file structure-v3.txt (compact mmCIF, C-alpha atoms and all ligand atoms)
# COMPACT_ATOMS: atom_id res chain seq x y z
CA MET A 1 -25.70 -72.42 -5.75
CA ASP A 2 -23.97 -75.03 -7.88
CA ASP A 3 -21.75 -77.09 -5.57
CA ALA A 4 -19.21 -78.19 -8.21
CA PRO A 5 -15.86 -76.88 -6.91
CA ASN A 6 -14.90 -75.34 -10.24
CA SER A 7 -18.01 -73.13 -10.26
CA GLU A 8 -16.65 -71.00 -7.40
CA HIS A 9 -15.48 -67.53 -8.22
CA PHE A 10 -13.22 -65.34 -6.17
CA THR A 11 -12.99 -61.60 -6.58
CA LEU A 12 -9.55 -60.05 -6.36
CA THR A 13 -9.12 -56.37 -5.59
CA PRO A 14 -5.73 -54.79 -6.25
CA ILE A 15 -3.99 -53.56 -3.12
CA GLY A 16 -1.89 -51.21 -5.24
CA TYR A 17 -0.19 -50.52 -8.55
CA VAL A 18 3.38 -50.68 -9.79
CA VAL A 19 5.08 -47.63 -11.28
CA SER A 20 8.20 -48.98 -12.98
CA ASP A 21 11.07 -48.15 -15.34
CA TYR A 22 9.17 -50.14 -17.99
CA PRO A 23 6.46 -48.17 -19.81
CA ASP A 24 6.05 -51.10 -22.26
CA LYS A 25 5.97 -54.88 -22.02
CA PHE A 26 8.52 -55.24 -24.82
CA GLY A 27 12.06 -55.68 -23.56
CA ILE A 28 11.24 -56.40 -19.93
CA PRO A 29 13.50 -59.21 -18.70
CA ARG A 30 11.63 -62.47 -18.26
CA GLN A 31 12.22 -62.80 -14.55
CA PRO A 32 12.79 -60.41 -11.67
CA GLY A 33 16.38 -59.81 -10.61
CA LEU A 34 17.77 -60.10 -14.15
CA ALA A 35 17.93 -56.30 -14.29
CA PRO A 36 18.73 -55.21 -10.72
CA ALA A 37 19.01 -51.59 -11.92
CA ALA A 38 15.27 -51.57 -12.68
CA ASN A 39 13.56 -49.39 -10.11
CA ALA A 40 9.90 -49.50 -9.30
CA ARG A 41 7.44 -48.22 -6.75
CA LEU A 42 4.48 -50.12 -5.45
CA VAL A 43 1.90 -47.53 -4.43
CA LEU A 44 -0.71 -49.09 -2.16
CA THR A 45 -4.29 -47.87 -2.51
CA ALA A 46 -6.96 -47.31 0.18
CA PRO A 47 -7.88 -49.08 2.39
CA TYR A 48 -4.66 -51.12 2.05
CA ASN A 49 -2.35 -48.09 2.26
CA ASP A 50 -2.53 -48.04 6.05
CA PRO A 51 1.03 -47.86 7.47
CA LEU A 52 -0.03 -50.44 10.06
CA ALA A 53 -0.38 -53.01 7.27
CA VAL A 54 3.37 -52.89 6.52
CA ARG A 55 4.62 -52.66 10.09
CA GLY A 56 7.63 -55.02 10.40
CA LEU A 57 8.19 -55.27 6.65
CA GLU A 58 11.28 -53.03 6.94
CA ALA A 59 13.08 -55.97 8.56
CA PHE A 60 12.85 -58.01 5.35
CA SER A 61 15.04 -57.56 2.29
CA HIS A 62 12.85 -59.24 -0.34
CA LEU A 63 9.19 -59.49 -1.14
CA TRP A 64 6.91 -61.72 -3.20
CA LEU A 65 4.51 -59.77 -5.39
CA SER A 66 1.31 -61.48 -6.51
CA PHE A 67 -0.05 -59.53 -9.43
CA ILE A 68 -2.30 -59.65 -12.46
CA PHE A 69 -0.88 -59.84 -16.00
CA HIS A 70 -3.36 -57.13 -16.89
CA GLN A 71 -1.90 -56.62 -20.38
CA SER A 72 -2.31 -60.26 -21.33
CA PRO A 73 -5.46 -61.58 -22.99
CA GLU A 74 -7.91 -63.52 -20.83
CA ARG A 75 -7.83 -66.44 -23.24
CA TRP A 76 -5.36 -69.20 -22.49
CA SER A 77 -4.49 -72.59 -23.89
CA PRO A 78 -2.93 -75.70 -22.30
CA LEU A 79 0.23 -75.38 -24.38
CA VAL A 80 2.49 -72.33 -24.64
CA ARG A 81 5.71 -71.56 -26.53
CA PRO A 82 8.27 -70.21 -24.05
CA PRO A 83 10.72 -67.75 -25.67
CA ARG A 84 13.45 -69.68 -23.87
CA LEU A 85 12.73 -72.63 -26.16
CA GLY A 86 13.16 -70.44 -29.23
CA GLY A 87 9.43 -69.77 -29.57
CA ASN A 88 8.81 -73.05 -31.44
CA ARG A 89 8.60 -75.87 -28.92
CA LYS A 90 5.48 -76.15 -26.84
CA ILE A 91 5.18 -76.90 -23.15
CA GLY A 92 2.26 -77.07 -20.71
CA VAL A 93 1.13 -73.70 -19.40
CA PHE A 94 1.53 -74.94 -15.83
CA ALA A 95 5.13 -75.98 -16.59
CA SER A 96 5.85 -72.41 -17.64
CA ARG A 97 5.92 -68.85 -16.33
CA SER A 98 3.85 -67.72 -19.32
CA THR A 99 1.86 -64.51 -19.06
CA HIS A 100 -1.04 -66.22 -20.92
CA ARG A 101 -2.52 -68.31 -18.16
CA PRO A 102 -5.81 -68.94 -16.40
CA ASN A 103 -6.54 -66.15 -13.90
CA ARG A 104 -3.55 -64.19 -15.27
CA LEU A 105 -1.78 -64.37 -11.90
CA GLY A 106 1.94 -63.60 -11.76
CA LEU A 107 4.53 -63.99 -9.03
CA SER A 108 7.78 -62.02 -8.73
CA LEU A 109 10.45 -61.90 -6.07
CA VAL A 110 11.85 -58.39 -5.72
CA LYS A 111 14.23 -56.50 -3.45
CA ILE A 112 12.80 -53.96 -1.01
CA ALA A 113 14.82 -50.74 -1.36
CA GLY A 114 12.70 -48.59 0.93
CA ILE A 115 9.33 -48.12 2.58
CA ASP A 116 7.67 -44.72 2.70
CA THR A 117 4.70 -44.28 5.02
CA GLN A 118 4.56 -40.46 4.96
CA HIS A 119 1.49 -40.32 2.74
CA GLY A 120 -0.16 -43.71 2.57
CA VAL A 121 2.31 -46.48 1.74
CA THR A 122 4.83 -46.63 -1.09
CA LEU A 123 7.37 -49.44 -1.37
CA GLN A 124 10.58 -48.83 -3.37
CA LEU A 125 11.53 -51.98 -5.24
CA GLN A 126 14.51 -53.18 -7.24
CA GLY A 127 14.73 -55.78 -9.98
CA CYS A 128 11.02 -55.77 -10.75
CA ASP A 129 9.96 -57.39 -14.07
CA LEU A 130 6.60 -55.64 -14.37
CA VAL A 131 5.21 -53.06 -16.75
CA SER A 132 4.13 -49.76 -15.21
CA GLY A 133 0.49 -49.92 -14.13
CA THR A 134 0.52 -53.59 -13.13
CA PRO A 135 -2.11 -54.26 -10.44
CA VAL A 136 -0.73 -56.05 -7.38
CA VAL A 137 -3.13 -58.24 -5.41
CA ASP A 138 -0.93 -59.30 -2.49
CA ILE A 139 2.59 -59.03 -1.07
CA LYS A 140 4.42 -61.38 1.28
CA PRO A 141 7.91 -61.26 2.80
CA TYR A 142 10.41 -63.76 1.38
CA LEU A 143 11.76 -66.42 3.75
CA PRO A 144 15.14 -67.62 2.39
CA TRP A 145 15.41 -70.56 4.77
CA ALA A 146 12.16 -72.00 3.45
CA GLU A 147 12.02 -70.71 -0.11
CA SER A 148 15.56 -70.76 -1.45
CA HIS A 149 16.55 -73.99 -3.23
CA PRO A 150 19.65 -73.20 -5.31
CA HIS A 151 20.03 -76.87 -6.36
CA ALA A 152 16.43 -77.36 -7.43
CA GLN A 153 15.76 -78.73 -10.94
CA ALA A 154 14.59 -76.05 -13.35
CA GLY A 155 13.22 -77.96 -16.33
CA PHE A 156 13.69 -76.27 -19.70
CA ALA A 157 15.33 -73.22 -18.05
CA PRO A 158 18.13 -74.78 -15.99
CA HIS A 159 20.44 -71.75 -16.02
CA ALA A 160 20.25 -67.99 -16.17
CA PRO A 161 20.19 -66.85 -19.82
CA THR A 162 23.53 -66.13 -21.52
CA LEU A 163 24.15 -62.40 -21.63
CA MET A 164 24.78 -60.32 -24.74
CA ASP A 165 27.59 -57.77 -24.69
CA VAL A 166 26.33 -54.23 -25.06
CA VAL A 167 28.32 -51.39 -26.60
CA PHE A 168 27.30 -47.76 -27.04
CA HIS A 169 27.71 -45.63 -30.14
CA PRO A 170 29.63 -42.47 -29.07
CA GLN A 171 26.62 -40.26 -29.84
CA ALA A 172 24.29 -42.39 -27.74
CA LEU A 173 26.80 -42.31 -24.92
CA GLU A 174 27.06 -38.54 -25.14
CA THR A 175 23.28 -38.11 -24.81
CA LEU A 176 23.21 -40.55 -21.94
CA THR A 177 26.00 -38.93 -19.95
CA LYS A 178 24.17 -35.57 -20.00
CA ARG A 179 21.34 -37.01 -17.96
CA GLN A 180 21.16 -36.83 -14.17
CA ASP A 181 20.28 -40.51 -13.99
CA SER A 182 23.02 -41.50 -16.45
CA ALA A 183 24.70 -44.09 -14.20
CA THR A 184 21.55 -46.02 -13.34
CA LEU A 185 20.10 -45.67 -16.86
CA TYR A 186 23.36 -46.96 -18.34
CA ALA A 187 23.22 -49.99 -16.05
CA LEU A 188 19.55 -50.56 -16.86
CA ILE A 189 20.15 -50.42 -20.64
CA GLU A 190 23.09 -52.81 -20.32
CA GLN A 191 21.10 -55.28 -18.23
CA VAL A 192 17.95 -55.12 -20.37
CA LEU A 193 19.74 -55.40 -23.72
CA GLY A 194 22.00 -58.06 -22.18
CA GLN A 195 18.90 -60.30 -22.15
CA ASP A 196 18.51 -59.78 -25.91
CA PRO A 197 14.96 -58.50 -26.22
CA ARG A 198 14.76 -59.28 -29.95
CA PRO A 199 12.33 -61.98 -31.05
CA ALA A 200 13.96 -65.45 -30.87
CA TYR A 201 14.11 -65.82 -34.67
CA LYS A 202 16.11 -62.58 -34.95
CA GLN A 203 18.67 -63.41 -32.31
CA LYS A 204 21.19 -64.96 -34.70
CA GLU A 205 21.15 -61.82 -36.84
CA THR A 206 24.61 -60.22 -37.16
CA HIS A 207 23.52 -57.28 -39.27
CA SER A 208 20.33 -55.26 -39.42
CA GLU A 209 19.41 -52.11 -41.30
CA ARG A 210 16.47 -51.57 -39.03
CA LEU A 211 16.86 -50.39 -35.48
CA TYR A 212 15.03 -52.08 -32.63
CA GLY A 213 13.59 -49.95 -29.85
CA VAL A 214 13.02 -50.54 -26.15
CA ARG A 215 11.34 -47.98 -23.91
CA LEU A 216 13.01 -47.49 -20.54
CA ARG A 217 12.02 -44.70 -18.15
CA ASP A 218 11.28 -41.71 -20.41
CA VAL A 219 13.50 -42.72 -23.32
CA ASP A 220 13.45 -44.89 -26.38
CA VAL A 221 16.66 -46.91 -26.66
CA LYS A 222 17.46 -47.69 -30.31
CA PHE A 223 19.76 -50.62 -30.89
CA ARG A 224 20.88 -53.12 -33.49
CA PRO A 225 23.20 -56.11 -33.69
CA TYR A 226 26.81 -55.00 -33.79
CA PRO A 227 27.85 -55.76 -37.37
CA ASN A 228 30.45 -58.38 -38.33
CA ASN A 229 30.71 -60.39 -35.20
CA GLU A 230 29.51 -63.65 -33.70
CA ALA A 231 26.03 -62.33 -32.87
CA THR A 232 26.94 -61.81 -29.23
CA THR A 233 26.92 -58.00 -29.16
CA LEU A 234 24.23 -55.35 -29.43
CA GLU A 235 25.02 -51.72 -30.13
CA VAL A 236 23.03 -48.86 -28.67
CA MET A 237 22.67 -46.35 -31.50
CA ALA A 238 20.53 -43.69 -29.82
CA VAL A 239 18.90 -42.77 -26.54
CA GLU A 240 16.00 -40.54 -27.52
CA PRO A 241 13.14 -38.91 -25.67
CA TYR A 242 10.13 -41.10 -26.20
CA ALA A 243 7.63 -39.76 -28.73
CA GLU A 244 4.08 -41.28 -28.63
N1 LIG B 301 8.05 -63.26 -12.60
C1 LIG B 301 6.70 -63.30 -13.10
C2 LIG B 301 6.10 -64.69 -13.01
O1 LIG B 301 6.85 -65.66 -13.13
O2 LIG B 301 4.89 -64.79 -12.85
C3 LIG B 301 6.61 -62.77 -14.51
C4 LIG B 301 7.23 -63.66 -15.54
S1 LIG B 301 6.73 -63.20 -17.15
C5 LIG B 301 7.50 -64.42 -18.14
C6 LIG B 301 7.68 -61.75 -17.41
C7 LIG B 301 7.16 -60.98 -18.57
O3 LIG B 301 5.86 -60.50 -18.28
C8 LIG B 301 7.95 -59.72 -18.85
O4 LIG B 301 9.01 -60.02 -19.73
C9 LIG B 301 6.93 -58.77 -19.45
O5 LIG B 301 7.01 -58.74 -20.86
C10 LIG B 301 5.57 -59.38 -19.07
N2 LIG B 301 4.76 -58.50 -18.24
C11 LIG B 301 5.17 -57.72 -17.21
N3 LIG B 301 4.12 -57.10 -16.65
C12 LIG B 301 3.01 -57.50 -17.34
C13 LIG B 301 1.63 -57.21 -17.23
N4 LIG B 301 1.16 -56.40 -16.29
N5 LIG B 301 0.79 -57.79 -18.13
C14 LIG B 301 1.24 -58.63 -19.08
N6 LIG B 301 2.55 -58.95 -19.23
C15 LIG B 301 3.43 -58.39 -18.37
call {"tool": "encode", "arguments": {"input": "structure-v3.txt", "output": "structure tokens"}}
result
Amino acid sequence: MDDAPNSEHFTLTPIGYVVSDYPDKFGIPRQPGLAPAANARLVLTAPYNDPLAVRGLEAFSHLWLSFIFHQSPERWSPLVRPPRLGGNRKIGVFASRSTHRPNRLGLSLVKIAGIDTQHGVTLQLQGCDLVSGTPVVDIKPYLPWAESHPHAQAGFAPHAPTLMDVVFHPQALETLTKRQDSATLYALIEQVLGQDPRPAYKQKETHSERLYGVRLRDVDVKFRPYPNNEATTLEVMAVEPYAE
């Protein structure tokens, strides 16, 4: 065996998979907690779905998820272009939360909304920033007294992103209000579009003929910039069943 430290390999086996409100990567907020209305389940798989393995977890409110960016390419490079910097300026991959990184490991802090141990183990989560199907490799309870540093320096992302206003076209609102999950879906749309999912170079746009689309739950949310304003509002034009 080669004894150079960087020749070691470690095999990771998922302990479970996320089922989330996000069928697609596009539009997912860039950090957990930015869309608290986003619901997800983490379904643990055998042999990790033993209720004994989560005994005591119900006494914690938040959880760290270690997961694999399974939809990102394996290739990586030392410099990345964070969307937060407009997609032009480059920064070191290890100074970023980029999804294109060696080992493709991600880390998200989420709220525990429930723990079901009736059949295996399923954790109900809130505020998750992961696409449905994301493999999770470990979970750990969050310790606020050790891990919360509200005054820490946060480099090129010192503050939470500025939110867009979101308005609904009456027809879109009508479709939405007919749904059983209308209240939570409304909140989710508002929170997701509030982050402005458009590409950075389109974010100054005040008028667009084309509609953008974001998939949330089982619907396709069609939106566009609200015309004739300061580019601070997005308008939801339709909430349609998603067609492959
Ligand atoms: N909080 C995590 C972290 O810091 O490691 C994720 C941050 S990353 C910037 C968030 C983005 O990852 C989301 O906006 C979404 O587009 C993308 N994403 C979510 N799940 C993914 C997956 N399984 N594979 C690849 N990209 C994913």
call {"tool": "closest_residue", "arguments": {"input": "structure-v3.txt", "among": "A:His159, A:His119, A:Arg104, A:Lys111", "to": "ligand LIG 301 (chain B)", "atoms": "only C-alpha atoms and all ligand atoms"}}
result
A:Arg104
call {"tool": "closest_residue", "arguments": {"input": "structure-v3.txt", "among": "A:Asn49, A:Ser96, A:Thr134, A:Gln124", "to": "ligand LIG 301 (chain B)", "atoms": "only C-alpha atoms and all ligand atoms"}}
result
A:Thr134
call {"tool": "closest_atom_pairs", "arguments": {"input": "structure-v3.txt", "of": "chain A", "to": "ligand LIG 301 (chain B)", "cutoff": "10 Å", "atoms": "all atoms listed in the file", "output": "Markdown table"}}
result
| residue | atom | partner | partner_atom | distance |
| --- | --- | --- | --- | --- |
| A:Tyr17 | CA | B:LIG301 | N4 | 9.8 |
| A:Val18 | CA | B:LIG301 | N4 | 8.9 |
| A:Ser20 | CA | B:LIG301 | N3 | 9.8 |
| A:Tyr22 | CA | B:LIG301 | C11 | 8.6 |
| A:Pro23 | CA | B:LIG301 | N3 | 9.8 |
| A:Asp24 | CA | B:LIG301 | O5 | 7.8 |
| A:Lys25 | CA | B:LIG301 | O5 | 4.2 |
| A:Phe26 | CA | B:LIG301 | O5 | 5.5 |
| A:Gly27 | CA | B:LIG301 | O5 | 6.5 |
| A:Ile28 | CA | B:LIG301 | O4 | 4.3 |
| A:Pro29 | CA | B:LIG301 | O4 | 4.7 |
| A:Arg30 | CA | B:LIG301 | O4 | 3.9 |
| A:Gln31 | CA | B:LIG301 | N1 | 4.6 |
| A:Pro32 | CA | B:LIG301 | N1 | 5.6 |
| A:Gly33 | CA | B:LIG301 | N1 | 9.2 |
| A:Trp64 | CA | B:LIG301 | N1 | 9.6 |
| A:Leu65 | CA | B:LIG301 | N1 | 8.8 |
| A:Ser66 | CA | B:LIG301 | O2 | 8.0 |
| A:Phe67 | CA | B:LIG301 | N4 | 7.6 |
| A:Ile68 | CA | B:LIG301 | N4 | 6.1 |
| A:Phe69 | CA | B:LIG301 | N5 | 3.4 |
| A:His70 | CA | B:LIG301 | N5 | 4.4 |
| A:Gln71 | CA | B:LIG301 | N5 | 3.7 |
| A:Ser72 | CA | B:LIG301 | C14 | 4.5 |
| A:Pro73 | CA | B:LIG301 | C14 | 8.3 |
| A:Pro82 | CA | B:LIG301 | C5 | 8.3 |
| A:Pro83 | CA | B:LIG301 | C5 | 8.8 |
| A:Arg84 | CA | B:LIG301 | C5 | 9.8 |
| A:Ser96 | CA | B:LIG301 | C5 | 8.2 |
| A:Arg97 | CA | B:LIG301 | O1 | 4.6 |
| A:Ser98 | CA | B:LIG301 | C5 | 5.1 |
| A:Thr99 | CA | B:LIG301 | S1 | 5.4 |
| A:His100 | CA | B:LIG301 | C14 | 8.1 |
| A:Arg101 | CA | B:LIG301 | O2 | 9.8 |
| A:Arg104 | CA | B:LIG301 | N5 | 8.2 |
| A:Leu105 | CA | B:LIG301 | O2 | 6.8 |
| A:Gly106 | CA | B:LIG301 | O2 | 3.4 |
| A:Leu107 | CA | B:LIG301 | O2 | 3.9 |
| A:Ser108 | CA | B:LIG301 | N1 | 4.1 |
| A:Leu109 | CA | B:LIG301 | N1 | 7.1 |
| A:Val110 | CA | B:LIG301 | N1 | 9.2 |
| A:Cys128 | CA | B:LIG301 | N1 | 8.3 |
| A:Asp129 | CA | B:LIG301 | C8 | 5.7 |
| A:Leu130 | CA | B:LIG301 | N3 | 3.7 |
| A:Val131 | CA | B:LIG301 | N3 | 4.2 |
| A:Ser132 | CA | B:LIG301 | N4 | 7.4 |
| A:Gly133 | CA | B:LIG301 | N4 | 6.9 |
| A:Thr134 | CA | B:LIG301 | N4 | 4.3 |
| A:Pro135 | CA | B:LIG301 | N4 | 7.0 |
| A:Val136 | CA | B:LIG301 | N4 | 9.1 |
| A:Pro197 | CA | B:LIG301 | O4 | 8.9 |
call {"tool": "residues_around", "arguments": {"input": "structure-v3.txt", "residues": "Lys90 of chain A", "least_positions_apart": "6", "cutoff": "9 Å", "atoms": "all atoms listed in the file", "output": "VMD selection string"}}
result
chain A and resid 79 to 82
call {"tool": "residues_near_point", "arguments": {"input": "structure-v3.txt", "point": "(21.7, -53.7, -41.4)", "cutoff": "10 Å", "atoms": "only C-alpha atoms", "output": "count of residues only"}}
result
11
call {"tool": "closest_residue", "arguments": {"input": "structure-v3.txt", "among": "A:Ala113, A:Ala95, A:Met164, A:Leu234", "to": "Leu125 of chain A", "atoms": "only C-alpha atoms"}}
result
A:Ala113
call {"tool": "closest_residue", "arguments": {"input": "structure-v3.txt", "among": "A:Ile112, A:Ala238, A:Ile91, A:Val121", "to": "Glu58 of chain A", "atoms": "only C-alpha atoms"}}
result
A:Ile112
call {"tool": "atom_distance", "arguments": {"input": "structure-v3.txt", "atom1": "atom CA of Pro199 of chain A", "atom2": "atom CA of Ser182 of chain A"}}
result
27.3 Å
call {"tool": "residues_around", "arguments": {"input": "structure-v3.txt", "residues": "Lys222 of chain A", "least_positions_apart": "5", "cutoff": "8 Å", "atoms": "only C-alpha atoms", "output": "list of chain:residue names"}}
result
A:Leu211, A:Tyr212, A:Gly213, A:Val214, A:Val236, A:Met237, A:Ala238, A:Val239, A:Glu240
call {"tool": "atom_distance", "arguments": {"input": "structure-v3.txt", "atom1": "atom CA of Leu85 of chain A", "atom2": "atom CA of Pro158 of chain A"}}
result
11.7 Å
call {"tool": "atom_distance", "arguments": {"input": "structure-v3.txt", "atom1": "atom CA of Arg179 of chain A", "atom2": "atom CA of Arg215 of chain A"}}
result
16.0 Å
call {"tool": "closest_residue", "arguments": {"input": "structure-v3.txt", "among": "A:Pro78, A:Pro150, A:Gly120, A:Gly92", "to": "Pro47 of chain A", "atoms": "all atoms listed in the file"}}
result
A:Gly120
call {"tool": "closest_residue", "arguments": {"input": "structure-v3.txt", "among": "A:Val93, A:Phe60, A:Val137, A:Arg55", "to": "Thr11 of chain A", "atoms": "all atoms listed in the file"}}
result
A:Val137
call {"tool": "residues_around", "arguments": {"input": "structure-v3.txt", "residues": "Gln191 of chain A", "least_positions_apart": "6", "cutoff": "8 Å", "atoms": "all atoms listed in the file", "output": "ChimeraX atom specification"}}
result
/A:34-37
call {"tool": "residues_near_point", "arguments": {"input": "structure-v3.txt", "point": "(10.9, -66.0, -1.2)", "cutoff": "8 Å", "atoms": "all atoms listed in the file", "output": "PyMOL selection string"}}
result
chain A and resi 62-64+109+141-144+146-148
